[in-house]
>>> print(open('query12.cif').read())   # mmCIF, C-alpha atoms
data_query
loop_
_atom_site.label_atom_id
_atom_site.label_comp_id
_atom_site.auth_asym_id
_atom_site.auth_seq_id
_atom_site.Cartn_x
_atom_site.Cartn_y
_atom_site.Cartn_z
CA MET M 1 127.13 131.50 140.75
CA SER M 2 124.88 128.67 141.87
CA GLY M 3 125.35 127.01 145.22
CA HIS M 4 124.36 123.83 146.95
CA PHE M 5 123.59 122.59 150.41
CA VAL M 6 123.70 119.14 151.98
CA CYS M 7 120.54 117.97 153.76
CA ALA M 8 121.38 117.08 157.38
CA THR M 9 119.36 113.85 157.20
CA CYS M 10 119.54 112.40 153.67
CA GLY M 11 123.01 113.76 152.94
CA GLN M 12 122.01 114.75 149.40
CA SER M 13 123.55 117.79 147.74
CA HIS M 14 121.03 120.19 146.20
CA ASP M 15 121.98 122.63 143.47
CA GLY M 16 120.34 125.82 142.31
CA LEU M 17 120.17 128.04 145.39
CA PRO M 18 121.55 131.46 144.45
CA THR M 19 124.84 132.57 145.92
CA ASP M 20 124.91 136.06 144.48
CA TRP M 21 122.64 139.07 144.20
CA GLY M 22 123.26 142.22 142.20
CA TYR M 23 121.89 145.73 141.92
CA LYS M 24 121.51 147.50 138.60
CA LEU M 25 122.02 150.95 140.11
CA PRO M 26 122.71 152.75 143.40
CA ASP M 27 119.56 153.05 145.52
CA ASP M 28 119.32 156.83 145.15
CA VAL M 29 119.51 156.58 141.36
CA TRP M 30 117.12 153.64 141.12
CA ALA M 31 114.59 155.63 143.15
CA ILE M 32 114.33 158.21 140.36
CA PRO M 33 111.22 157.50 138.23
CA ALA M 34 112.26 155.52 135.16
CA PRO M 35 111.17 158.07 132.52
CA ARG M 36 113.38 160.72 134.13
CA ARG M 37 116.28 158.55 135.30
CA GLU M 38 118.21 158.62 132.03
CA GLU M 39 117.70 162.37 131.77
CA VAL M 40 119.37 163.19 135.09
CA ALA M 41 121.92 160.37 135.44
CA ARG M 42 124.47 158.70 133.21
CA PHE M 43 125.21 155.05 133.86
CA THR M 44 126.52 151.77 132.50
CA ASP M 45 126.69 148.36 134.15
CA ASP M 46 129.78 149.49 136.10
CA LEU M 47 129.78 153.30 136.30
CA CYS M 48 127.23 155.90 137.33
CA GLN M 49 127.22 159.69 137.59
CA TYR M 50 124.28 161.54 139.10
CA GLY M 51 124.90 165.28 139.20
CA ASP M 52 128.09 165.75 141.20
CA ARG M 53 127.84 162.26 142.73
CA TYR M 54 129.93 159.35 141.42
CA PHE M 55 129.46 155.60 141.83
CA ILE M 56 131.28 152.42 140.83
CA ARG M 57 130.00 148.87 140.98
CA GLY M 58 131.91 146.14 142.79
CA LEU M 59 131.64 142.86 144.65
CA LEU M 60 131.25 142.39 148.40
CA LEU M 61 131.91 138.75 149.35
CA VAL M 62 130.57 137.00 152.45
CA PRO M 63 132.04 133.52 153.10
CA LEU M 64 129.72 130.49 153.27
CA PRO M 65 131.88 128.02 155.24
CA ASP M 66 129.30 125.21 155.11
CA MET M 67 129.28 125.39 151.31
CA GLY M 68 132.96 126.12 150.74
CA SER M 69 132.11 129.22 148.71
CA ASP M 70 131.00 132.84 149.06
CA PHE M 71 127.81 134.83 148.76
CA GLY M 72 128.53 137.71 146.40
CA TRP M 73 126.70 141.02 146.73
CA GLY M 74 126.98 143.01 143.49
CA VAL M 75 126.66 146.49 144.99
CA TRP M 76 127.55 150.10 144.27
CA ALA M 77 129.86 152.42 146.18
CA GLU M 78 129.73 156.20 146.14
CA VAL M 79 133.23 157.60 145.64
CA ASP M 80 134.99 160.92 145.21
CA ALA M 81 135.40 162.25 141.68
CA ALA M 82 139.15 161.52 141.85
CA VAL M 83 138.58 157.83 142.72
CA PHE M 84 135.96 157.57 139.99
CA GLN M 85 138.38 159.00 137.43
CA ARG M 86 141.17 156.70 138.61
CA TYR M 87 138.91 153.67 138.17
CA VAL M 88 138.01 154.83 134.66
CA GLU M 89 141.73 155.03 133.84
CA PHE M 90 142.22 151.41 134.91
CA TYR M 91 138.91 150.13 133.54
CA ASP M 92 140.62 148.20 130.71
CA ALA M 93 143.88 147.61 132.56
CA ASP M 94 145.22 145.78 135.60
CA GLY M 95 144.62 147.96 138.66
CA SER M 96 145.50 145.34 141.27
CA SER M 97 148.70 147.18 142.24
CA GLU M 98 146.76 150.34 143.10
CA PRO M 99 146.37 151.27 146.79
CA LEU M 100 143.08 150.81 148.60
CA TYR M 101 140.53 153.53 147.93
CA SER M 102 137.62 154.62 150.10
CA GLY M 103 133.92 154.82 149.39
CA MET M 104 130.46 154.48 150.93
CA MET M 105 127.94 151.69 150.36
CA ALA M 106 125.18 152.88 148.03
CA ASN M 107 122.76 149.94 148.32
CA SER M 108 120.76 148.74 151.30
CA LEU M 109 120.93 144.94 151.60
CA PRO M 110 117.88 142.86 152.58
CA GLY M 111 118.45 140.77 155.68
CA TYR M 112 120.52 143.43 157.43
CA VAL M 113 119.25 146.15 159.74
CA SER M 114 121.06 148.81 157.76
CA SER M 115 123.99 148.74 155.38
CA LEU M 116 123.76 152.50 154.78
CA PRO M 117 125.84 154.46 155.23
CA ALA M 118 128.81 152.15 155.63
CA PRO M 119 132.43 153.10 154.82
CA ILE M 120 134.16 150.55 152.62
CA ASP M 121 137.63 149.88 151.26
CA ILE M 122 137.86 149.40 147.50
CA ARG M 123 140.42 147.12 145.87
CA PHE M 124 140.83 147.42 142.09
CA LEU M 125 141.49 144.15 140.28
CA ASP M 126 142.39 143.32 136.68
CA ALA M 127 140.31 144.34 133.66
CA THR M 128 138.18 141.17 133.81
CA GLN M 129 136.94 141.66 137.37
CA ARG M 130 134.97 144.29 139.23
CA PRO M 131 136.56 145.85 142.33
CA LEU M 132 136.32 144.09 145.68
CA PHE M 133 134.57 145.92 148.52
CA SER M 134 135.47 145.32 152.17
CA LEU M 135 133.90 146.76 155.29
CA SER M 136 136.13 148.22 157.96
CA GLU M 137 137.66 146.01 160.66
CA ARG M 138 136.19 148.49 163.14
CA ASP M 139 132.68 148.03 161.76
CA ARG M 140 130.62 145.97 164.23
CA SER M 141 127.52 145.63 162.04
CA THR M 142 126.17 142.16 161.22
CA LEU M 143 127.23 142.53 157.59
CA ALA M 144 130.81 143.44 158.54
CA ILE M 145 131.09 140.60 161.06
CA GLU M 146 129.72 138.08 158.56
CA GLN M 147 132.13 139.29 155.89
CA ARG M 148 135.01 138.60 158.28
CA THR M 149 133.79 135.33 159.84
CA GLY M 150 131.23 133.93 157.39
CA MET M 151 127.52 133.16 157.66
CA SER M 152 126.00 129.87 158.79
CA SER M 153 123.66 127.77 156.63
CA VAL M 154 120.73 128.96 158.73
CA ARG M 155 121.70 132.58 158.23
CA TYR M 156 122.18 131.97 154.50
CA HIS M 157 118.59 130.78 154.20
CA GLN M 158 117.40 133.81 156.14
CA ILE M 159 119.11 135.96 153.53
CA LEU M 160 117.46 134.01 150.71
CA ASP M 161 114.10 134.47 152.37
CA ALA M 162 114.73 138.20 152.70
CA LEU M 163 115.52 138.34 148.99
CA GLN M 164 112.30 136.49 148.17
CA ALA M 165 114.51 134.05 146.29
CA TYR M 166 114.22 131.07 148.60
CA GLU M 167 110.81 129.84 147.43
CA ALA M 168 111.61 130.61 143.80
CA ALA M 169 114.68 128.36 143.99
CA SER M 170 112.91 125.60 145.92
CA HIS M 171 109.69 125.66 143.87
CA PRO M 172 110.44 126.85 140.31
CA GLY M 173 107.49 128.56 138.69
CA GLN M 174 105.62 129.02 141.97
CA GLN M 175 106.81 132.44 143.03
CA GLU M 176 103.28 133.38 144.11
CA GLU M 177 102.84 130.37 146.38
CA ARG M 178 100.70 131.24 149.41
CA GLU M 179 102.79 132.07 152.45
CA ASP M 180 100.27 130.46 154.80
CA ALA M 181 100.21 127.12 152.95
CA ALA M 182 101.34 124.04 154.85
CA PRO M 183 104.75 122.72 153.76
CA ASP M 184 105.05 119.85 151.32
CA ARG M 185 107.52 116.97 151.59
CA SER M 186 110.24 118.78 149.64
CA THR M 187 110.07 121.97 151.72
CA LEU M 188 113.31 122.86 153.49
CA CYS M 189 113.01 123.47 157.21
CA ILE M 190 115.18 124.09 160.24
CA SER M 191 115.29 121.77 163.23
CA CYS M 192 117.60 121.06 166.15
CA THR M 193 120.00 118.25 167.00
CA HIS M 194 117.64 117.03 169.74
CA VAL M 195 115.15 116.17 166.98
CA VAL M 196 117.47 115.32 164.08
CA ASP M 197 120.10 113.34 166.00
CA GLY M 198 118.52 112.61 169.37
CA GLY M 199 115.12 111.40 168.18
CA ASP M 200 113.09 113.87 170.26
CA SER M 201 109.61 114.76 169.03
CA VAL M 202 108.73 118.11 167.48
CA MET M 203 106.71 120.10 169.99
CA VAL M 204 107.08 123.64 168.62
CA VAL M 205 106.66 124.87 165.04
CA SER M 206 107.51 128.47 164.20
CA ARG M 207 107.29 130.76 161.19
CA SER M 208 108.62 133.78 163.06
CA GLY M 209 110.56 135.59 160.34
CA GLY M 210 109.28 133.32 157.53
CA ASP M 211 111.27 130.07 157.71
CA TRP M 212 109.70 126.80 158.86
CA VAL M 213 111.41 125.98 162.18
CA LEU M 214 110.51 122.73 164.00
CA LEU M 215 111.96 122.32 167.49
CA CYS M 216 111.86 120.00 170.47
CA GLY M 217 110.75 122.68 172.92
CA HIS M 218 113.81 122.33 175.16
CA THR M 219 115.34 125.52 176.51
CA ASP M 220 119.01 124.50 176.54
CA HIS M 221 119.82 125.85 173.10
CA SER M 222 119.33 129.42 171.92
CA HIS M 223 117.99 128.95 168.37
CA ASP M 224 119.95 132.04 167.33
CA GLU M 225 121.20 132.20 163.73
CA ASP M 226 124.69 131.09 164.83
CA ASP M 227 123.42 128.26 167.08
CA GLU M 228 125.44 125.15 166.19
CA THR M 229 122.56 122.89 167.31
CA LEU M 230 120.43 123.87 164.29
CA ARG M 231 120.17 121.74 161.15
CA ILE M 232 118.60 122.17 157.69
CA LEU M 233 116.65 119.22 156.29
CA HIS M 234 113.60 118.27 154.24
CA TRP M 235 110.15 118.31 155.81
CA ARG M 236 109.58 114.71 154.69
CA HIS M 237 112.24 113.35 157.06
CA LEU M 238 110.35 114.71 160.06
CA VAL M 239 106.93 113.62 158.76
CA ASP M 240 108.17 110.08 158.07
CA ARG M 241 109.44 109.88 161.64
CA ASP M 242 106.29 111.40 163.20
CA PRO M 243 103.18 111.03 160.96
CA SER M 244 101.14 113.11 163.42
CA LEU M 245 102.92 116.18 162.06
CA LYS M 246 101.21 115.67 158.71
CA ASP M 247 97.76 115.28 160.26
CA MET M 248 97.95 117.83 163.03
CA ILE M 249 100.28 120.61 161.88
CA PRO M 250 98.35 123.84 161.30
CA ALA M 251 98.90 125.97 158.22
CA LEU M 252 100.87 128.80 159.76
CA GLU M 253 101.06 132.33 158.43
CA VAL M 254 104.39 134.14 158.65
CA ASP M 255 105.05 135.41 162.20
CA TYR M 256 102.87 132.76 163.85
CA SER M 257 103.96 129.74 165.86
CA ALA M 258 102.22 126.66 167.26
CA GLU M 259 103.00 124.30 170.12
CA ARG M 260 101.64 121.11 171.63
CA THR M 261 102.17 119.40 174.97
CA VAL M 262 102.00 115.77 173.80
CA VAL M 263 102.73 113.98 170.53
CA GLY M 264 99.49 113.72 168.56
CA GLY M 265 97.89 116.40 170.72
CA GLU M 266 96.15 119.58 169.66
CA TRP M 267 98.26 122.47 168.38
CA ARG M 268 97.92 125.86 170.07
CA LYS M 269 98.54 128.65 167.58
CA PHE M 270 99.78 132.11 168.66
CA PHE M 271 101.17 135.32 167.19
CA ASP M 272 104.98 135.26 167.33
CA PRO M 273 106.53 138.11 165.30
CA ASP M 274 110.24 138.27 164.58
CA THR M 275 111.46 141.17 166.71
CA ASP M 276 115.17 140.92 165.81
CA ASP M 277 116.62 144.08 164.27
#
>>> encode(input="query12.cif", output="structure tokens")
Amino acid sequence: MSGHFVCATCGQSHDGLPTDWGYKLPDDVWAIPAPRREEVARFTDDLCQYGDRYFIRGLLLVPLPDMGSDFGWGVWAEVDAAVFQRYVEFYDADGSSEPLYSGMMANSLPGYVSSLPAPIDIRFLDATQRPLFSLSERDRSTLAIEQRTGMSSVRYHQILDALQAYEAASHPGQQEEREDAAPDRSTLCISCTHVVDGGDSVMVVSRSGGDWVLLCGHTDHSHDEDDETLRILHWRHLVDRDPSLKDMIPALEVDYSAERTVVGGEWRKFFDPDTDD
């Protein structure tokens, strides 16, 4: 799948940002050194047996309401031998009438504190589709909540950054781009409605956690990932409005921020690590 987003300022739709991410094997199997892996485990693209442990591959969907689509995690679940055998029986048939089966997540997902171990429900589908995985309604983890309610555009870009896919999608062929380089005009950044809609000046720039975040400095919005006052837009829209950003903005390393007290004034840089779990 390939997704798109709409810039909050220019209104243009941009294609090419990934909306799925898959794992070739369960984490415990992938951790086995490659020369030995095929000696101790048997696996295909959809099935894996490692000793007396059994795994099947499925799809865990997280809604992206702003894009009208889903982010699909292609992950593995560890299941009992009986569930594994039942899935094999329906591998080339329609298993959508089967009851829900139980399993445990077998991959840790970047961008989440911990997705292991997490009980999941498994829904078999027809022969053309992998099973659907769903986290329990009682699960209060971030992943479970986002699967039920969806993730915001800001959160989506945090996931892309965690996957080290964000820069690759925004700057093809420049995967090794320096993290402390100043943004160019096409760089995507996060700002607030005070700046984007209200015309306030940018007084705080942050790379806490990796993203470029440019804010007004007001304290009446939280800047959390679900904050509705946040917007995604191109760096050029802010620079065109305030040329002093281009001349004065420091090249910030990840987990540093900078602030100024007046437009055109000197930037004060400080260490600002992302402490969110």
>>> atom_distance(input="query12.cif", atom1="CA of Val195 in chain M", atom2="CA of Leu163 in chain M")
28.6 Å
>>> residues_around(input="query12.cif", residues="Met203 in chain M", least_positions_apart="6", cutoff="8 Å", atoms="all atoms listed in the file", output="mmCIF file with C-alpha atoms, in the frame of the given file")
data_model
loop_
_atom_site.group_PDB
_atom_site.id
_atom_site.type_symbol
_atom_site.label_atom_id
_atom_site.label_comp_id
_atom_site.auth_asym_id
_atom_site.auth_seq_id
_atom_site.Cartn_x
_atom_site.Cartn_y
_atom_site.Cartn_z
ATOM 1 C CA LEU M 214 110.510 122.730 164.000
ATOM 2 C CA LEU M 215 111.960 122.320 167.490
ATOM 3 C CA CYS M 216 111.860 120.000 170.470
ATOM 4 C CA GLY M 217 110.750 122.680 172.920
ATOM 5 C CA GLU M 259 103.000 124.300 170.120
ATOM 6 C CA ARG M 260 101.640 121.110 171.630
ATOM 7 C CA THR M 261 102.170 119.400 174.970
ATOM 8 C CA VAL M 262 102.000 115.770 173.800
ATOM 9 C CA VAL M 263 102.730 113.980 170.530
#
>>> atom_distance(input="query12.cif", atom1="CA of Gln147 in chain M", atom2="CA of Asp121 in chain M")
12.8 Å
>>> atom_distance(input="query12.cif", atom1="CA of Thr149 in chain M", atom2="CA of Ile190 in chain M")
21.7 Å
>>> resolve_selection(input="query12.cif", expression="the PyMOL selection byres ((chain M and resi 65) around 10)", output="list of chain:residue names")
M:Val62, M:Pro63, M:Leu64, M:Asp66, M:Met67, M:Gly68, M:Ser69, M:Asp70, M:Thr149, M:Gly150, M:Met151, M:Ser152, M:Ser153
>>> resolve_selection(input="query12.cif", expression="the PyMOL selection byres ((chain M and resi 127) around 10)", output="list in words")
Phe90, Tyr91, Asp92, Ala93, Asp94, Gly95, Ser96, Phe124, Leu125, Asp126, Thr128, Gln129, Arg130 and Pro131 of chain M
>>> resolve_selection(input="query12.cif", expression="the PyMOL selection byres ((chain M and resi 85) around 12)", output="number ranges by chain")
M: 47-49, 54-56, 79-84, 86-91
>>> closest_residue(input="query12.cif", among="M:Leu132, M:Gln158, M:Pro26, M:Ala34", to="Asn107 in chain M", atoms="all atoms listed in the file")
M:Pro26
>>> closest_residue(input="query12.cif", among="M:Thr19, M:Ser134, M:Thr193, M:Ser108", to="Leu60 in chain M", atoms="only C-alpha atoms")
M:Ser134
>>> closest_residue(input="query12.cif", among="M:Leu245, M:Phe43, M:Ser136, M:Leu160", to="Gly265 in chain M", atoms="all atoms listed in the file")
M:Leu245
>>> closest_residue(input="query12.cif", among="M:Val196, M:Val202, M:Ala118, M:Val239", to="Asp139 in chain M", atoms="only C-alpha atoms")
M:Ala118
>>> closest_residue(input="query12.cif", among="M:Phe133, M:His234, M:Asp27, M:Ala258", to="Asp272 in chain M", atoms="only C-alpha atoms")
M:Ala258
